[in-house]
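Here is the file data-v5.cif (mmCIF, C-alpha atoms and all ligand atoms).
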```cif
data_target
loop_
_atom_site.label_atom_id
_atom_site.label_comp_id
_atom_site.auth_asym_id
_atom_site.auth_seq_id
_atom_site.Cartn_x
_atom_site.Cartn_y
_atom_site.Cartn_z
CA MET U 167 127.85 62.64 90.34
CA GLY U 168 126.59 60.05 92.78
CA CYS U 169 126.17 59.86 96.52
CA VAL U 170 128.82 61.96 98.26
CA SER U 171 128.10 61.09 101.88
CA ALA U 172 130.52 58.12 101.95
CA ALA U 173 133.41 60.26 100.67
CA VAL U 174 132.74 63.00 103.23
CA LEU U 175 132.52 60.38 105.96
CA SER U 176 135.88 58.78 105.22
CA VAL U 177 137.70 62.14 105.14
CA ALA U 178 136.29 63.41 108.42
CA ALA U 179 136.43 60.11 110.32
CA GLY U 180 140.23 60.45 110.59
CA GLY U 181 140.08 63.21 113.19
CA ALA U 182 138.72 61.64 116.36
CA GLN U 183 138.68 64.69 118.66
CA ALA U 184 135.30 66.36 119.01
CA ALA U 185 135.01 69.64 117.12
CA SER U 186 133.01 72.50 118.58
CA VAL U 187 129.72 73.01 116.74
CA ARG U 188 127.91 76.36 116.68
CA ALA U 189 124.83 77.46 114.75
CA TYR U 190 124.00 80.91 113.47
CA ALA U 191 120.74 82.04 111.88
CA PHE U 192 120.50 84.84 109.35
CA HIS U 193 117.47 86.98 108.55
CA ALA U 194 117.71 87.28 104.77
CA GLY U 195 114.72 89.60 104.48
CA THR U 196 110.94 89.33 104.63
CA LEU U 197 108.31 88.05 102.22
CA LYS U 198 105.02 89.90 102.42
CA THR U 199 102.47 87.22 101.63
CA GLN U 200 99.05 85.92 102.72
CA THR U 201 98.20 83.08 105.09
CA GLN U 202 96.68 80.80 102.41
CA TYR U 203 100.11 80.36 100.83
CA LEU U 204 101.34 78.77 104.08
CA LEU U 205 98.35 77.26 105.89
CA LYS U 206 95.48 75.45 104.23
CA ASP U 207 92.72 75.98 106.82
CA THR U 208 92.87 79.74 106.89
CA ARG U 209 90.90 82.78 105.70
CA VAL U 210 92.11 83.73 102.24
CA GLY U 211 93.67 87.17 101.96
CA THR U 212 94.95 87.58 105.52
CA PRO U 213 98.33 89.37 105.31
CA MET U 214 101.32 87.51 106.73
CA ASP U 215 104.89 88.81 106.78
CA ILE U 216 107.30 85.89 106.92
CA PRO U 217 111.04 85.92 107.63
CA ILE U 218 113.46 84.35 105.13
CA PRO U 219 116.04 82.47 107.21
CA PHE U 220 119.24 80.65 106.33
CA LEU U 221 121.67 78.94 108.69
CA VAL U 222 125.46 78.88 108.98
CA ILE U 223 127.13 76.13 111.02
CA GLN U 224 130.65 76.30 112.38
CA HIS U 225 132.31 72.92 112.94
CA GLY U 226 135.79 73.37 114.40
CA THR U 227 137.51 75.62 111.86
CA GLU U 228 135.13 74.65 109.03
CA TRP U 229 131.89 76.28 107.90
CA MET U 230 128.77 75.18 106.11
CA ALA U 231 125.66 77.05 104.98
CA PHE U 232 122.17 75.61 104.87
CA ASP U 233 120.19 77.62 102.29
CA THR U 234 121.10 81.08 100.99
CA GLY U 235 117.96 83.25 100.92
CA CYS U 236 116.85 85.13 97.80
CA ASN U 237 118.88 86.38 94.87
CA ALA U 238 119.92 90.03 95.19
CA GLN U 239 118.13 90.72 91.88
CA ALA U 240 114.80 89.70 93.41
CA ALA U 241 114.81 92.62 95.82
CA LYS U 242 115.29 95.14 93.02
CA ASP U 243 112.53 94.08 90.61
CA PRO U 244 110.74 90.92 91.77
CA ALA U 245 108.25 90.76 88.89
CA ALA U 246 111.02 91.02 86.29
CA TYR U 247 113.29 88.55 88.06
CA TRP U 248 110.83 85.99 89.49
CA GLY U 249 107.99 86.42 87.02
CA GLU U 250 104.53 87.81 87.73
CA ALA U 251 103.06 84.68 89.35
CA ILE U 252 105.64 84.32 92.13
CA ALA U 253 105.98 88.07 92.67
CA LYS U 254 102.20 88.39 93.10
CA ALA U 255 102.08 85.88 95.95
CA TYR U 256 105.32 86.96 97.66
CA VAL U 257 106.57 90.54 97.83
CA PRO U 258 110.20 90.55 99.02
CA GLU U 259 111.67 93.18 101.32
CA ILE U 260 115.39 92.55 101.36
CA LYS U 261 117.92 95.13 102.51
CA PRO U 262 121.32 95.09 100.77
CA GLU U 263 122.99 93.98 104.02
CA GLN U 264 120.57 91.00 104.28
CA GLU U 265 121.70 89.46 100.98
CA PHE U 266 123.82 86.32 101.47
CA ARG U 267 127.22 87.66 100.42
CA GLU U 268 126.87 90.81 102.54
CA ALA U 269 125.17 89.13 105.51
CA ILE U 270 127.88 86.50 106.12
CA LYS U 271 130.47 89.27 106.58
CA VAL U 272 129.26 89.65 110.19
CA LEU U 273 131.02 86.30 110.81
CA GLY U 274 134.03 87.37 108.75
CA LEU U 275 133.07 84.98 105.95
CA ALA U 276 133.11 85.10 102.16
CA PRO U 277 131.50 82.44 99.89
CA ARG U 278 134.85 80.73 99.18
CA ASP U 279 135.33 80.05 102.93
CA PHE U 280 132.62 77.36 103.07
CA LYS U 281 133.46 73.67 103.09
CA ALA U 282 129.94 72.89 101.93
CA VAL U 283 126.58 74.43 101.18
CA VAL U 284 123.37 72.41 101.47
CA LEU U 285 120.13 73.53 99.86
CA SER U 286 116.87 72.44 101.45
CA HIS U 287 115.27 72.77 98.01
CA GLY U 288 115.39 74.90 94.88
CA HIS U 289 112.76 77.56 95.64
CA VAL U 290 113.53 81.27 95.28
CA ASP U 291 113.82 82.04 99.00
CA HIS U 292 116.23 79.14 99.72
CA ALA U 293 118.49 78.55 96.71
CA GLY U 294 118.14 82.09 95.31
CA ALA U 295 121.68 83.23 96.10
CA ILE U 296 123.67 80.19 94.94
CA ASP U 297 125.31 82.20 92.16
CA ASN U 298 127.53 83.71 94.88
CA PHE U 299 129.42 80.39 94.70
CA ALA U 300 130.10 80.53 90.95
CA GLY U 301 133.76 79.75 90.31
CA THR U 302 134.57 79.05 93.99
CA GLY U 303 134.51 75.26 93.73
CA VAL U 304 132.49 75.07 96.97
CA PRO U 305 130.24 71.98 96.74
CA LEU U 306 126.49 72.75 96.70
CA HIS U 307 124.48 69.73 97.85
CA PHE U 308 120.97 69.14 96.51
CA GLN U 309 119.01 65.92 96.70
CA LYS U 310 119.05 64.21 93.32
CA ALA U 311 115.24 64.38 93.19
CA GLU U 312 115.40 68.16 93.62
CA MET U 313 117.93 68.64 90.80
CA ARG U 314 115.58 66.62 88.61
CA GLU U 315 112.81 69.19 89.29
CA ILE U 316 115.18 72.10 88.71
CA ARG U 317 116.45 70.65 85.41
CA LYS U 318 112.83 70.03 84.34
CA ALA U 319 112.03 73.72 84.88
CA ILE U 320 115.17 74.76 82.99
CA ALA U 321 114.44 72.39 80.08
CA ALA U 322 110.90 73.69 79.80
CA ALA U 323 112.26 77.25 80.07
CA ILE U 324 109.46 78.12 82.46
CA ALA U 325 109.60 79.20 86.03
CA GLY U 326 107.16 77.01 87.90
CA ALA U 327 106.13 76.34 91.52
CA ALA U 328 108.60 78.90 92.93
CA TYR U 329 111.62 77.73 90.89
CA CYS U 330 113.15 80.79 89.21
CA LEU U 331 115.25 80.22 86.09
CA GLY U 332 117.48 83.20 86.90
CA ASP U 333 118.61 81.52 90.13
CA PHE U 334 120.11 78.67 88.07
CA LYS U 335 121.65 80.76 85.29
CA HIS U 336 125.20 79.95 86.45
CA LEU U 337 124.61 76.23 87.09
CA ASN U 338 127.58 75.30 84.88
CA GLU U 339 129.94 77.41 87.01
CA LEU U 340 128.73 75.78 90.25
CA ASN U 341 130.03 72.62 91.88
CA ILE U 342 126.66 70.87 92.20
CA ARG U 343 126.66 67.60 94.16
CA GLU U 344 123.64 65.34 94.00
CA VAL U 345 122.87 63.52 97.24
CA GLU U 346 120.64 60.49 97.54
CA GLY U 347 119.55 60.02 101.13
CA VAL U 348 121.35 61.11 104.29
CA LEU U 349 124.44 63.33 104.26
CA ASP U 350 126.74 63.37 107.31
CA VAL U 351 128.37 66.71 106.52
CA PHE U 352 131.44 66.49 108.80
CA GLY U 353 131.48 62.71 109.26
CA ASP U 354 130.84 62.77 113.02
CA GLN U 355 127.01 62.87 113.05
CA THR U 356 126.89 66.36 114.56
CA VAL U 357 125.53 67.92 111.35
CA MET U 358 123.30 65.64 109.28
CA VAL U 359 120.98 66.29 106.37
CA PHE U 360 117.86 64.14 105.92
CA PRO U 361 115.52 63.89 102.95
CA THR U 362 112.08 65.27 103.89
CA PRO U 363 110.23 65.16 100.56
CA GLY U 364 106.71 66.52 100.27
CA HIS U 365 107.02 70.30 100.02
CA THR U 366 109.08 69.52 96.91
CA PRO U 367 110.20 66.06 95.68
CA GLY U 368 113.80 66.60 96.82
CA HIS U 369 113.35 68.67 99.97
CA GLN U 370 115.81 68.04 102.84
CA SER U 371 116.09 69.14 106.49
CA LEU U 372 119.05 69.73 108.81
CA TYR U 373 119.88 68.04 112.13
CA VAL U 374 122.47 69.80 114.32
CA LYS U 375 123.99 68.75 117.64
CA PRO U 376 125.62 71.94 118.92
CA SER U 377 128.42 71.74 121.52
CA THR U 378 126.15 73.45 124.01
CA GLY U 379 122.41 73.04 124.29
CA LYS U 380 119.97 70.53 122.87
CA PRO U 381 120.09 69.04 119.38
CA PHE U 382 117.71 70.63 116.89
CA ILE U 383 116.19 70.00 113.49
CA TYR U 384 115.91 72.95 111.15
CA CYS U 385 112.99 71.68 109.10
CA ALA U 386 113.13 74.35 106.39
CA ASP U 387 109.87 74.25 104.39
CA ALA U 388 109.00 70.77 105.67
CA LEU U 389 107.57 72.87 108.53
CA TYR U 390 106.63 76.48 107.79
CA THR U 391 105.33 77.26 111.28
CA LEU U 392 105.15 75.49 114.65
CA GLU U 393 101.35 75.72 114.45
CA ILE U 394 101.44 73.20 111.59
CA MET U 395 103.02 70.65 113.95
CA GLU U 396 101.00 71.54 117.03
CA ARG U 397 97.58 71.47 115.31
CA LEU U 398 98.54 69.26 112.34
CA VAL U 399 97.50 71.99 109.91
CA VAL U 400 98.02 71.08 106.25
CA PRO U 401 100.45 73.50 104.59
CA GLY U 402 99.23 75.70 101.76
CA LEU U 403 101.89 74.60 99.27
CA ALA U 404 103.17 71.04 98.87
CA THR U 405 103.68 68.69 95.93
CA ASP U 406 102.83 65.70 98.16
CA ILE U 407 100.54 66.34 101.14
CA PRO U 408 100.69 62.82 102.73
CA ALA U 409 104.51 62.85 102.61
CA THR U 410 104.56 66.36 104.09
CA MET U 411 102.31 65.34 106.98
CA GLN U 412 104.43 62.22 107.56
CA ASN U 413 107.43 64.53 108.10
CA VAL U 414 105.38 66.68 110.47
CA HIS U 415 104.55 63.61 112.57
CA TRP U 416 108.22 62.63 112.64
CA PHE U 417 109.18 66.13 113.86
CA LYS U 418 106.56 65.81 116.58
CA LEU U 419 108.04 62.50 117.78
CA GLU U 420 111.58 63.93 117.71
CA GLU U 421 110.40 66.86 119.81
CA ARG U 422 109.13 64.41 122.44
CA GLN U 423 112.60 62.83 122.48
CA GLY U 424 114.14 66.19 123.40
CA VAL U 425 115.05 67.51 119.95
CA THR U 426 114.11 71.16 119.37
CA ILE U 427 112.08 71.65 116.20
CA VAL U 428 112.86 74.81 114.23
CA PRO U 429 110.38 76.00 111.55
CA SER U 430 111.33 78.10 108.51
CA HIS U 431 108.83 80.90 107.95
CA ASP U 432 107.28 81.30 111.42
CA PRO U 433 107.20 85.03 112.32
CA GLY U 434 106.33 84.33 115.98
CA TYR U 435 109.13 81.79 116.39
CA TRP U 436 111.87 83.95 114.87
CA ALA U 437 110.74 87.12 116.68
CA LYS U 438 112.00 85.48 119.87
CA ARG U 439 115.39 84.33 118.50
CA THR U 440 118.72 86.08 118.00
CA TRP U 441 120.29 86.48 114.56
CA ALA U 442 124.00 86.24 113.66
CA PRO U 443 126.57 87.25 114.75
CA LYS U 444 124.94 86.00 117.99
CA GLU U 445 124.70 82.23 118.23
CA LEU U 446 121.29 80.70 117.56
CA VAL U 447 119.61 79.40 120.70
CA PRO U 448 116.80 77.40 119.11
ZN ZN X 501 110.46 78.93 101.78
#
```

Kindly present the structure from the file in structure tokens form.
Amino acid sequence: MGCVSAAVLSVAAGGAQAASVRAYAFHAGTLKTQTQYLLKDTRVGTPMDIPIPFLVIQHGTEWMAFDTGCNAQAAKDPAAYWGEAIAKAYVPEIKPEQEFREAIKVLGLAPRDFKAVVLSHGHVDHAGAIDNFAGTGVPLHFQKAEMREIRKAIAAAIAGAAYCLGDFKHLNELNIREVEGVLDVFGDQTVMVFPTPGHTPGHQSLYVKPSTGKPFIYCADALYTLEIMERLVVPGLATDIPATMQNVHWFKLEERQGVTIVPSHDPGYWAKRTWAPKELVP
């Protein structure tokens, strides 16, 4: 399975008329954690409740999801499902209606309705619900470097650095696509995925140009909170700090060019936004 972006491009390039593009954000629950897991220069032990977001993009009559939130099993018994180490740092509060399969019903969607799913990375709060796509044939796009990390964890049979083996139990029933580099999801540059390694080796972020309003970048965990960008705070968890900070600088430059920068786990940011079924105004 090689680079898929060229194939997607050639299919979509046929239709020249501009499709309407809308973005929706979902609140897939809350992780009760502490500031040191997100921000390096912080007092250890300060409680921080962070939202778990995922995005759904409508492009004409087609749909894509960016991330999926946590697995439904995690909400029931996090220590048993995630293992003690992850469950100690992050306590999930996920209502049944916030789980991916239930949540997307507010847009009238089921997993099989998606043209594509893109995963920012393999951690529990982003790729946790991919088993909803087992047997659907829907392509799930990971960066190749991220699948390498995931397969390493599976081969070692240990959950490490927020990869949970249970999340990948149905890998053989999923249509995994490995991307190397940029993915132009609909072939018209309105929805693009860019590698932003650093948080994990194969992390990627999402650029969207909606039909109305300014373009935005949903950074996922390449930018936990806006404070990280504004004060250049080093994040609490990253496999490569220099690469992570390079991304943060890039986001800052994009913001100056008029692109709205959207963080992943920023409670203050998301408190002021509307969740699906209302459109996201980033
Ligand atoms: Zn996360």

Given all atoms listed in the file as the counted atoms, nearest of U:Val374, U:Ala319, U:Ala245, U:Cys385 to Asp354 of chain U = U:Val374

Would you please work out which residue, of U:Trp416, U:Phe308, U:Trp436, U:Tyr373, is nearest to Thr196 of chain U when using all atoms listed in the file?
-> U:Trp436

If we count only C-alpha atoms and set the cut-off at 7 Å, which residues sit around His287 of chain U, ignoring sequence neighbours fewer than 6 positions away in its own chain? Please answer as a PDB file with C-alpha atoms, in the frame of the given file.
```pdb
ATOM      1  CA  ALA U 293     118.490  78.550  96.710  1.00  0.00           C
ATOM      2  CA  PHE U 308     120.970  69.140  96.510  1.00  0.00           C
ATOM      3  CA  GLU U 312     115.400  68.160  93.620  1.00  0.00           C
ATOM      4  CA  GLY U 368     113.800  66.600  96.820  1.00  0.00           C
ATOM      5  CA  HIS U 369     113.350  68.670  99.970  1.00  0.00           C
ATOM      6  CA  GLN U 370     115.810  68.040 102.840  1.00  0.00           C
TER       7      GLN U 370
END
```

Contacts of chain U with ligand ZN 501 (chain X) up to 8 Å, shortest pair per row, only C-alpha atoms and all ligand atoms, as a tab-separated table:
```
residue	atom	partner	partner_atom	distance
U:Ile218	CA	X:ZN501	ZN	7.0
U:His289	CA	X:ZN501	ZN	6.7
U:Val290	CA	X:ZN501	ZN	7.6
U:Asp291	CA	X:ZN501	ZN	5.4
U:His292	CA	X:ZN501	ZN	6.1
U:Ala386	CA	X:ZN501	ZN	7.0
U:Asp387	CA	X:ZN501	ZN	5.4
U:Tyr390	CA	X:ZN501	ZN	7.5
U:Ser430	CA	X:ZN501	ZN	6.8
U:His431	CA	X:ZN501	ZN	6.7
```

Select, from U:Pro363, U:Pro443, U:Pro448, U:Pro408, the residue with the minimum atom-to-atom distance to Phe192 of chain U, counting only C-alpha atoms.
->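 Using only C-alpha atoms, Phe192 of chain U sits closest to U:Pro443.
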
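Residues with any atom within 10 Å of Gly303 of chain U, counting only C-alpha atoms and excluding same-chain neighbours fewer than 2 positions away, are Pro277, Arg278, Phe280, Lys281, Ala282, Phe299, Ala300, Gly301, Pro305, Leu306, Glu339, Leu340, Asn341 and Ile342 of chain U.
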
Polymer residues at most 6 Å from segment 202-205 of chain U, all atoms listed in the file, same-chain spacing of 3 or more positions, as a list in words |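 Counting all atoms listed in the file, the residues come to Thr208, Val210, Pro401 and Gly402 of chain U.
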
Find the residues around Asp297 of chain U up to 8 Å (all atoms listed in the file counted), leave out those fewer than 2 positions away in its own chain, and share them as a PyMOL selection string.
-> chain U and resi 294-295+299-300+333-337+340
